[in-house]
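First comes the structure, then the notes that go with it.
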Number of protein chains: 2
Amino acid sequence: MIEDKNQQRTELSNLGEFGLIEHLTKNFKINQKSTVKGIGDDAAVLNFEDKRVIVTTDLLVEGVHFDLSYMPLKHLGYKAVMVNLSDVYAMNGQATQITVSIAVSNRFPLEALEELYAGIETAAKIYDIDVVGGDTTSSTTGLLISVTALGTVSENDVVYREGAKPNDLLVVSGDLGGAYMGLQVLEREKEVYKVNPKNQPDLSMYTYIIERQLKPEARKDIVKLLQDLGVKPTSMIDISDGLSSEILHLCKHSDVGCDLYENKIPLDPQVISACEEFNIDSTTVALNGGEDYELLMTISQEDYPKIKGNPNLSVIGYVTEKSAGKHLVTRADTKIELKAQGWKNFED
Amino acid sequence: MIEDKNQQRTELSNLGEFGLIEHLTKNFKINQKSTVKGIGDDAAVLNFEDKRVIVTTDLLVEGVHFDLSYMPLKHLGYKAVMVNLSDVYAMNGQATQITVSIAVSNRFPLEALEELYAGIETAAKIYDIDVVGGDTTSSTTGLLISVTALGTVSENDVVYREGAKPNDLLVVSGDLGGAYMGLQVLEREKEVYKVNPKNQPDLSMYTYIIERQLKPEARKDIVKLLQDLGVKPTSMIDISDGLSSEILHLCKHSDVGCDLYENKIPLDPQVISACEEFNIDSTTVALNGGEDYELLMTISQEDYPKIKGNPNLSVIGYVTEKSAGKHLVTRADTKIELKAQGWKNFED
């Protein structure tokens with residue numbers, strides 16, 4: 001699991017800052033019509049014509065957001081892009097460009113950064129976005145990646161966190177809890193490895209949940225699906241911190257309440273079996289696990305026939321008046337108040 | 001010099017990530033017409049109409065780009081914004097929005113981040129830009145600031161690094177070397193402080209150069225000046241890494257050579273006297289010091305009457321055919337090849 005593929009080791013200082021940026025970005029191609037000027041000047045120049053422009057940014061920090069003992073650098077590059085694109089899709093928009101800045105210590109050879117950028121390039125290719133800028137600098141300790149994503153959306157299509165109305169349906173894409181359970185498996189294997197580095201773990205029964213953790217996909221396809229179905233959500237948010245936290249965001253911004261049905265939360269069989277194995281409640285994992293990068297939205301009741309039976313979308317509850325509060329309706333049909341735990345980055 | 005104003009100390013963990021962002025950005029106002037939605041959703045939404053959009057990003061890392069033993073956090077916040085705006089102005093554009101992401105360790109109390117954000121807010125107010133997004137996360141060690149700046153420019157006004165033609169004049173705004181000499185003074189005082197913390201240094205003779213280091217100003221005024229004078233540079237770049245490195249960038253992108261006249265390089269009297277005191281050659285400082293955030297441009301000979309005698313602009317040389325090479329013409333009238341040193345972030 002923990003591999004050292006870096007046979008070759010080229011020191012970053014051999015290239016210098018300009019040489020490094022040029023080297024890492026030389027394969028990047030410009031495909032978007034809106035990119036007038038990409039990497040290579042003081043700034044990129046873009047032409048979005050009359051479209052609205054979406055901007056979002058996220059930082060990933062070694063030791064906080066990722067652990068390089070089981071996160072391959074190529075996957076990390078891919079994931080750093082996904083985390084940002086997911087926010088663009090959550091506005092019901094199309095991602096078009098990103099900038100990528102990294103701070104990296106001398107312990108990383110050039111070959112490591114090439115892996116990281118290979119992941120970024122793969123993501124850019126698959127999601128059809130241009131890498132138009134960035135910064136590369138040294139850090140005193142670990143690795144840090146800062147990505148800013150740009151996208152477009154027409155004025156009529158943009159979907160905010162506010163806009164949910166009582167009786168709207170609460171809908172989620174895909175399934176939840178996989179990324180968190182994948183992390184649990186990886187953390188356990190890391191401990192096993194520490195004790196016995198020669199142990200070759202069989203992770204074949206965890207492939208889906210490990211992939212959810214290491215190589216999440218932002219739901220560009222859902223934005224297209226909604227368009228094809230003729231559904232414009234009344235509010236939308238991406239699930240980075242856990243379902244519970246995101247529902248509360250929608251409720252707060254839209255000034256409404258909600259009933260979420262425990263038995264409607266979509267879970268993959270691997271999540272359920274891993275939860276049994278680790279003796280964790282699967283609802284807790286779905287509510288608070290985070291990093292699934294699915295889209296949570298509310299849609300008008302009249303749009304229900306359009307999404308009914310679609311395997312990509314699950315109705316998990318509905319919007320209520322604010323005064324009704326925010327509740328989880330359990331399998332035992334009791335109502336408990338929804339609370340957010342999510343990530344607590346600044347805990348000691 | 002090295003002060004501890006943090007009488008009060010509120011742990012970041014008291015607020016949590018969402019509380020922290022809300023707290024730090026609650027005073028930020030939206031002034032730009034192009035900002036449709038600022039902080040508070042998955043992403044910001046902007047409307048640039050038919051203008052070209054400029055995007056640039058820079059990372060500042062503690063221990064690499066700044067030293068908090070003499071850099072007040074408020075100044076650091078201000079400088080982090082300037083560094084990015086400078087790149088927008090170098091495209092001959094107007095800065096409109098920024099996003100600000102920070103990674104910060106638990107050794108910083110909330111009050112420290114309030115200082116940092118006060119500097120960002122001051123910069124945003126003075127330069128008329130909106131803070132529309134960002135990310136706040138913990139780091140395992142120091143402080144890191146990642147800023148992305150957006151701006152606009154009309155299609156006809158954008159100025160790239162390419163475009164310089166033989167016989168164009170090489171022109172620079174302001175004066176050079178101040179930021180580097182300010183850093184030398186601050187580094188020396190830091191050493192003095194280590195030996196004798198009670199020493200109260202008299203820095204009054206260094207006020208200008210220290211301010212150039214701690215609180216640089218991006219040259220928004222120069223973009224306006226050029227517009228008022230009816231001058232569109234044929235190429236332009238901002239001076240972050242030193243005059244020499246930037247001239248070489250313009251020459252490379254424009255496929256030309258240049259003659260730079262040593263006796264024409266604008267130097268403030270404080271730079272000259274500090275260079276004498278530190279026994280450093282002032283030309284070397286101007287060529288390689290960096291961080292002055294002035295604008296270097298080339299303009300057509302026919303525009304010379306428009307800028308002649310303007311105290312904000314100095315003609316420092318001219319553009320030649322590529323085959324003529326890139327030279328510094330010394331005070332002794334000898335030609336030596338221009339070489340870039342600039343910052344070498346990745347040196348061991």
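Labels used: A, B, ... for chains in the order of the structure tokens, numbers from 1 for residues in each chain, and numbers from 1 for ligands as shown.
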
Test item: residues at most 7 Å from region 301-316 of chain A, only C-alpha atoms, excluding those fewer than 2 positions along its chain, as a count of residues only: 16

Expected answer as a list in words: strand (DSSP E or B) residues in region 143-303 of chain A: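 Those residues are Leu144, Ile145, Ser146, Val147, Thr148, Ala149, Leu150, Gly151, Thr152, Val153, Leu169, Leu170, Val171, Val172, Ser173, Ser235, Met236, Ile237, Asp238, Gly257, Cys258, Asp259, Leu260, Tyr261, Leu295, Leu296, Met297, Thr298 and Ile299 of chain A.
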
The selected residues should be written to file as a PDB file, in the first residue's frame (atoms: C-alpha atoms).
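And here's again.pdb as it stands now:
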```pdb
ATOM      1  CA  LEU A 144      -0.086  22.379   0.361  1.00  0.00           C
ATOM      2  CA  ILE A 145      -2.318  22.745  -2.684  1.00  0.00           C
ATOM      3  CA  SER A 146      -4.509  25.747  -3.343  1.00  0.00           C
ATOM      4  CA  VAL A 147      -6.887  25.499  -6.287  1.00  0.00           C
ATOM      5  CA  THR A 148      -9.231  28.178  -7.574  1.00  0.00           C
ATOM      6  CA  ALA A 149     -11.890  27.096 -10.050  1.00  0.00           C
ATOM      7  CA  LEU A 150     -13.765  29.287 -12.491  1.00  0.00           C
ATOM      8  CA  GLY A 151     -16.926  28.379 -14.283  1.00  0.00           C
ATOM      9  CA  THR A 152     -19.866  29.815 -16.141  1.00  0.00           C
ATOM     10  CA  VAL A 153     -23.602  29.684 -15.780  1.00  0.00           C
ATOM     11  CA  LEU A 169     -38.337  17.583  -2.058  1.00  0.00           C
ATOM     12  CA  LEU A 170     -34.887  17.020  -0.587  1.00  0.00           C
ATOM     13  CA  VAL A 171     -32.866  15.113  -3.177  1.00  0.00           C
ATOM     14  CA  VAL A 172     -29.324  13.754  -3.174  1.00  0.00           C
ATOM     15  CA  SER A 173     -27.183  12.324  -5.969  1.00  0.00           C
ATOM     16  CA  SER A 235     -31.471  25.282  -3.972  1.00  0.00           C
ATOM     17  CA  MET A 236     -28.282  23.235  -4.138  1.00  0.00           C
ATOM     18  CA  ILE A 237     -25.010  22.580  -2.277  1.00  0.00           C
ATOM     19  CA  ASP A 238     -22.253  20.020  -2.604  1.00  0.00           C
ATOM     20  CA  GLY A 257     -36.996  23.536   8.117  1.00  0.00           C
ATOM     21  CA  CYS A 258     -36.800  19.958   6.903  1.00  0.00           C
ATOM     22  CA  ASP A 259     -37.628  16.333   7.575  1.00  0.00           C
ATOM     23  CA  LEU A 260     -34.896  13.907   6.511  1.00  0.00           C
ATOM     24  CA  TYR A 261     -35.839  10.212   6.400  1.00  0.00           C
ATOM     25  CA  LEU A 295     -24.929  17.170  -4.782  1.00  0.00           C
ATOM     26  CA  LEU A 296     -27.716  17.883  -2.332  1.00  0.00           C
ATOM     27  CA  MET A 297     -30.639  19.841  -3.743  1.00  0.00           C
ATOM     28  CA  THR A 298     -34.248  20.738  -3.228  1.00  0.00           C
ATOM     29  CA  ILE A 299     -36.697  20.472  -6.097  1.00  0.00           C
TER      30      ILE A 299
END
```

Under the rule of at most 7 Å, produce a per-residue listing of chain B near chain A: chain, number, name, the closest pair of atoms, and the distance in Å, as CSV, using only C-alpha atoms.
```
residue,atom,partner,partner_atom,distance
B:Leu12,CA,A:Phe346,CA,6.2
B:Ser13,CA,A:Phe346,CA,4.6
B:Gly16,CA,A:Phe346,CA,6.2
B:Glu17,CA,A:Asn345,CA,6.7
B:Asp41,CA,A:Arg161,CA,6.2
B:Asp42,CA,A:Asp87,CA,5.2
B:Ala43,CA,A:Thr56,CA,4.6
B:Ala44,CA,A:Val55,CA,5.1
B:Val45,CA,A:Ile54,CA,4.6
B:Leu46,CA,A:Val53,CA,4.8
B:Asn47,CA,A:Arg52,CA,4.9
B:Glu49,CA,A:Asp50,CA,5.0
B:Asp50,CA,A:Glu49,CA,5.0
B:Arg52,CA,A:Asn47,CA,4.9
B:Val53,CA,A:Leu46,CA,4.8
B:Ile54,CA,A:Val45,CA,4.6
B:Val55,CA,A:Ala44,CA,5.1
B:Thr56,CA,A:Ala43,CA,4.6
B:Thr57,CA,A:Gly134,CA,5.8
B:Asp58,CA,A:Asp135,CA,5.6
B:Leu59,CA,A:Asp135,CA,6.5
B:Val61,CA,A:Ser139,CA,6.5
B:Gly63,CA,A:Thr140,CA,6.7
B:Val64,CA,A:Ser139,CA,6.8
B:Asp87,CA,A:Asp42,CA,5.2
B:Val88,CA,A:Ala43,CA,6.5
B:Ala90,CA,A:Asp42,CA,6.5
B:Met91,CA,A:Asp42,CA,6.9
B:Ser101,CA,A:Leu59,CA,6.9
B:Gly133,CA,A:Thr56,CA,6.6
B:Gly134,CA,A:Thr57,CA,5.8
B:Asp135,CA,A:Asp58,CA,5.6
B:Thr137,CA,A:Asn345,CA,6.4
B:Ser138,CA,A:Asn345,CA,6.0
B:Ser139,CA,A:Val61,CA,6.5
B:Thr140,CA,A:Gly63,CA,6.7
B:Ser146,CA,A:Ser146,CA,6.9
B:Tyr160,CA,A:Asp41,CA,6.6
B:Arg161,CA,A:Asp41,CA,6.2
B:Ile237,CA,A:Asp42,CA,6.4
B:Lys344,CA,A:Gly16,CA,6.2
B:Asn345,CA,A:Ser138,CA,5.9
B:Phe346,CA,A:Ser13,CA,4.6
B:Glu347,CA,A:Ser13,CA,5.0
B:Asp348,CA,A:Ser13,CA,7.0
```

Mind dumping the selected residues with N, CA and C atoms as a short mmCIF file (atom, residue, chain, number, x, y, z; two decimals), in the first residue's frame?
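Output contents, as saved in again17.cif:
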```cif
data_model
loop_
_atom_site.label_atom_id
_atom_site.label_comp_id
_atom_site.auth_asym_id
_atom_site.auth_seq_id
_atom_site.Cartn_x
_atom_site.Cartn_y
_atom_site.Cartn_z
N LEU B 12 -8.62 29.33 18.12
CA LEU B 12 -9.40 29.17 16.89
C LEU B 12 -10.43 28.06 17.01
N SER B 13 -10.09 27.05 17.81
CA SER B 13 -11.00 25.91 17.95
C SER B 13 -12.32 26.31 18.62
N GLY B 16 -14.62 27.08 15.30
CA GLY B 16 -14.89 26.12 14.24
C GLY B 16 -14.71 26.81 12.89
N GLU B 17 -14.67 26.00 11.83
CA GLU B 17 -14.32 26.57 10.53
C GLU B 17 -15.35 27.58 10.01
N ASP B 41 -21.91 31.23 -0.34
CA ASP B 41 -22.51 30.10 -1.05
C ASP B 41 -21.37 29.15 -1.42
N ASP B 42 -21.65 28.15 -2.25
CA ASP B 42 -20.57 27.26 -2.65
C ASP B 42 -19.50 28.01 -3.44
N ALA B 43 -19.92 29.04 -4.14
CA ALA B 43 -18.99 29.82 -4.96
C ALA B 43 -19.55 31.22 -5.11
N ALA B 44 -18.70 32.14 -5.51
CA ALA B 44 -19.16 33.48 -5.84
C ALA B 44 -19.69 33.49 -7.26
N VAL B 45 -20.60 34.43 -7.54
CA VAL B 45 -21.12 34.59 -8.91
C VAL B 45 -20.87 36.04 -9.34
N LEU B 46 -20.26 36.18 -10.51
CA LEU B 46 -19.83 37.49 -10.98
C LEU B 46 -20.39 37.77 -12.37
N ASN B 47 -20.54 39.04 -12.69
CA ASN B 47 -21.07 39.41 -14.01
C ASN B 47 -20.15 40.45 -14.64
N GLU B 49 -20.09 41.16 -17.85
CA GLU B 49 -20.65 41.61 -19.13
C GLU B 49 -19.70 41.23 -20.28
N ASP B 50 -19.34 42.19 -21.12
CA ASP B 50 -18.54 41.81 -22.29
C ASP B 50 -17.04 42.01 -22.09
N ARG B 52 -13.12 41.38 -20.87
CA ARG B 52 -12.21 40.27 -20.65
C ARG B 52 -11.95 40.15 -19.15
N VAL B 53 -11.76 38.91 -18.69
CA VAL B 53 -11.54 38.67 -17.27
C VAL B 53 -10.08 38.27 -17.04
N ILE B 54 -9.46 38.88 -16.07
CA ILE B 54 -8.07 38.61 -15.72
C ILE B 54 -8.05 37.77 -14.44
N VAL B 55 -7.22 36.74 -14.41
CA VAL B 55 -7.11 35.90 -13.20
C VAL B 55 -5.64 35.67 -12.88
N THR B 56 -5.29 35.85 -11.64
CA THR B 56 -3.91 35.60 -11.21
C THR B 56 -3.90 35.14 -9.76
N THR B 57 -2.89 34.40 -9.37
CA THR B 57 -2.86 33.86 -8.01
C THR B 57 -1.43 33.81 -7.49
N ASP B 58 -1.29 34.04 -6.19
CA ASP B 58 0.02 33.99 -5.55
C ASP B 58 -0.09 33.43 -4.15
N LEU B 59 0.91 32.70 -3.77
CA LEU B 59 1.01 32.10 -2.44
C LEU B 59 2.08 32.84 -1.64
N VAL B 61 4.19 32.24 1.93
CA VAL B 61 4.44 31.21 2.93
C VAL B 61 5.35 31.76 4.04
N GLY B 63 8.16 32.02 6.64
CA GLY B 63 9.50 31.43 6.64
C GLY B 63 10.13 31.42 5.26
N VAL B 64 9.30 31.66 4.22
CA VAL B 64 9.83 31.74 2.86
C VAL B 64 9.65 33.16 2.33
N ASP B 87 -0.26 42.02 -10.40
CA ASP B 87 -0.32 41.21 -11.62
C ASP B 87 -1.50 41.61 -12.51
N VAL B 88 -2.59 42.02 -11.90
CA VAL B 88 -3.74 42.48 -12.69
C VAL B 88 -3.40 43.79 -13.40
N ALA B 90 -0.53 44.79 -14.21
CA ALA B 90 0.48 44.50 -15.24
C ALA B 90 -0.14 44.05 -16.56
N MET B 91 -1.43 43.69 -16.53
CA MET B 91 -2.14 43.37 -17.77
C MET B 91 -2.87 44.61 -18.29
N SER B 101 -7.46 32.55 0.79
CA SER B 101 -7.43 31.32 1.58
C SER B 101 -6.23 31.36 2.52
N GLY B 133 -14.61 35.33 -1.66
CA GLY B 133 -14.54 33.92 -1.31
C GLY B 133 -13.24 33.59 -0.64
N GLY B 134 -13.10 32.31 -0.26
CA GLY B 134 -11.88 31.89 0.37
C GLY B 134 -12.07 30.61 1.14
N ASP B 135 -11.02 30.22 1.79
CA ASP B 135 -11.04 28.98 2.56
C ASP B 135 -10.16 29.23 3.78
N THR B 137 -8.30 27.05 6.84
CA THR B 137 -8.05 25.71 7.34
C THR B 137 -6.86 25.72 8.29
N SER B 138 -6.66 24.63 8.98
CA SER B 138 -5.53 24.57 9.89
C SER B 138 -4.30 24.08 9.14
N SER B 139 -3.14 24.41 9.65
CA SER B 139 -1.89 23.89 9.09
C SER B 139 -1.12 23.26 10.23
N THR B 140 -0.20 22.40 9.88
CA THR B 140 0.57 21.72 10.92
C THR B 140 1.67 22.62 11.48
N SER B 146 -3.02 32.27 0.43
CA SER B 146 -3.18 32.10 -1.01
C SER B 146 -4.27 33.05 -1.49
N TYR B 160 0.15 42.40 -22.91
CA TYR B 160 0.83 41.16 -22.53
C TYR B 160 2.34 41.40 -22.36
N ARG B 161 3.03 40.32 -22.03
CA ARG B 161 4.49 40.40 -21.98
C ARG B 161 5.07 40.44 -23.39
N ILE B 237 4.92 44.17 -17.54
CA ILE B 237 5.09 43.12 -16.51
C ILE B 237 5.27 43.84 -15.18
N LYS B 344 15.37 32.74 -5.42
CA LYS B 344 15.59 31.32 -5.65
C LYS B 344 15.00 30.54 -4.49
N ASN B 345 13.71 30.32 -4.64
CA ASN B 345 12.95 29.72 -3.56
C ASN B 345 13.40 28.33 -3.18
N PHE B 346 13.85 27.58 -4.18
CA PHE B 346 14.08 26.18 -3.91
C PHE B 346 15.54 25.84 -3.62
N GLU B 347 16.37 26.88 -3.47
CA GLU B 347 17.76 26.63 -3.10
C GLU B 347 17.79 26.01 -1.70
N ASP B 348 18.72 25.12 -1.52
CA ASP B 348 18.85 24.52 -0.18
C ASP B 348 19.44 25.54 0.79
#
```

All helix (DSSP H, G or I) residues (DSSP, backbone) inside region 93-286 of chain B, as a ChimeraX atom specification: /B:110-127,178-195,204-214,220-229,243-254,262-264,269-278,282-286

Interatomic distance, CA of Lys79 (chain B) to CA of Leu226 (chain B) (Å, one decimal): 23.8 Å

Shell around Ala218 (chain A) at 7 Å using only C-alpha atoms, local window under 2 positions removed, as a list of chain:residue names: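 Here the qualifying residues turn out to be A:Met82, A:Leu85, A:Ser86, A:Pro216, A:Lys220, A:Tyr293.
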
Near-Glu321 (chain B) list (7 Å; only C-alpha atoms; drop same-chain fewer than 2 positions) as a VMD selection string: chain B and resid 166 256 to 257 323 to 324

Export C-alpha atoms of the chosen residues as a tab-separated table (two decimals), in the first residue's frame?
```tsv
chain	number	residue	atom	x	y	z
B	166	PRO	CA	12.82	47.11	-31.57
B	256	VAL	CA	13.64	40.99	-28.82
B	257	GLY	CA	16.84	42.24	-27.19
B	323	SER	CA	20.27	39.33	-32.35
B	324	ALA	CA	21.73	42.34	-30.55
```

Nearest residue to Leu287 (chain A) from the set A:Leu328, A:Leu186, A:Val223, A:Met205 (distances using only C-alpha atoms):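 Ranking A:Leu328, A:Leu186, A:Val223, A:Met205 by distance to Leu287 (chain A), first place goes to A:Leu328.
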
d(CA of Lys252 (chain A), CA of Asp175 (chain A)) in Å: 23.6 Å

Length of the CA of Val83 (chain A) to CA of Gln213 (chain A) vector [Å]: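 CA of Val83 (chain A) sits 11.6 Å away from CA of Gln213 (chain A).
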
Ile129 (chain B): which residues within 7 Å, counting only C-alpha atoms, same-chain residues fewer than 5 positions away excluded, as a PDB file with N, CA, C and O atoms, in the first residue's frame?
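The resulting file, out06.pdb, is shown below:
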```pdb
ATOM      1  N   GLN B  32     -18.346  46.304  -5.819  1.00  0.00           N
ATOM      2  CA  GLN B  32     -18.224  46.173  -7.268  1.00  0.00           C
ATOM      3  C   GLN B  32     -19.555  45.782  -7.886  1.00  0.00           C
ATOM      4  O   GLN B  32     -20.194  44.837  -7.431  1.00  0.00           O
ATOM      5  N   ALA B  95      -8.442  45.675 -11.149  1.00  0.00           N
ATOM      6  CA  ALA B  95      -8.761  44.584 -10.225  1.00  0.00           C
ATOM      7  C   ALA B  95     -10.170  44.784  -9.678  1.00  0.00           C
ATOM      8  O   ALA B  95     -10.577  45.910  -9.391  1.00  0.00           O
ATOM      9  N   THR B  96     -10.931  43.702  -9.553  1.00  0.00           N
ATOM     10  CA  THR B  96     -12.317  43.823  -9.108  1.00  0.00           C
ATOM     11  C   THR B  96     -12.649  42.951  -7.893  1.00  0.00           C
ATOM     12  O   THR B  96     -13.406  43.345  -7.030  1.00  0.00           O
ATOM     13  N   GLN B  97     -12.109  41.736  -7.854  1.00  0.00           N
ATOM     14  CA  GLN B  97     -12.415  40.812  -6.747  1.00  0.00           C
ATOM     15  C   GLN B  97     -11.164  40.033  -6.349  1.00  0.00           C
ATOM     16  O   GLN B  97     -10.260  39.830  -7.160  1.00  0.00           O
ATOM     17  N   ALA B 124      -8.575  46.097   0.392  1.00  0.00           N
ATOM     18  CA  ALA B 124      -9.775  45.982  -0.442  1.00  0.00           C
ATOM     19  C   ALA B 124     -10.484  47.328  -0.547  1.00  0.00           C
ATOM     20  O   ALA B 124     -10.981  47.711  -1.610  1.00  0.00           O
TER      21      ALA B 124
END
```
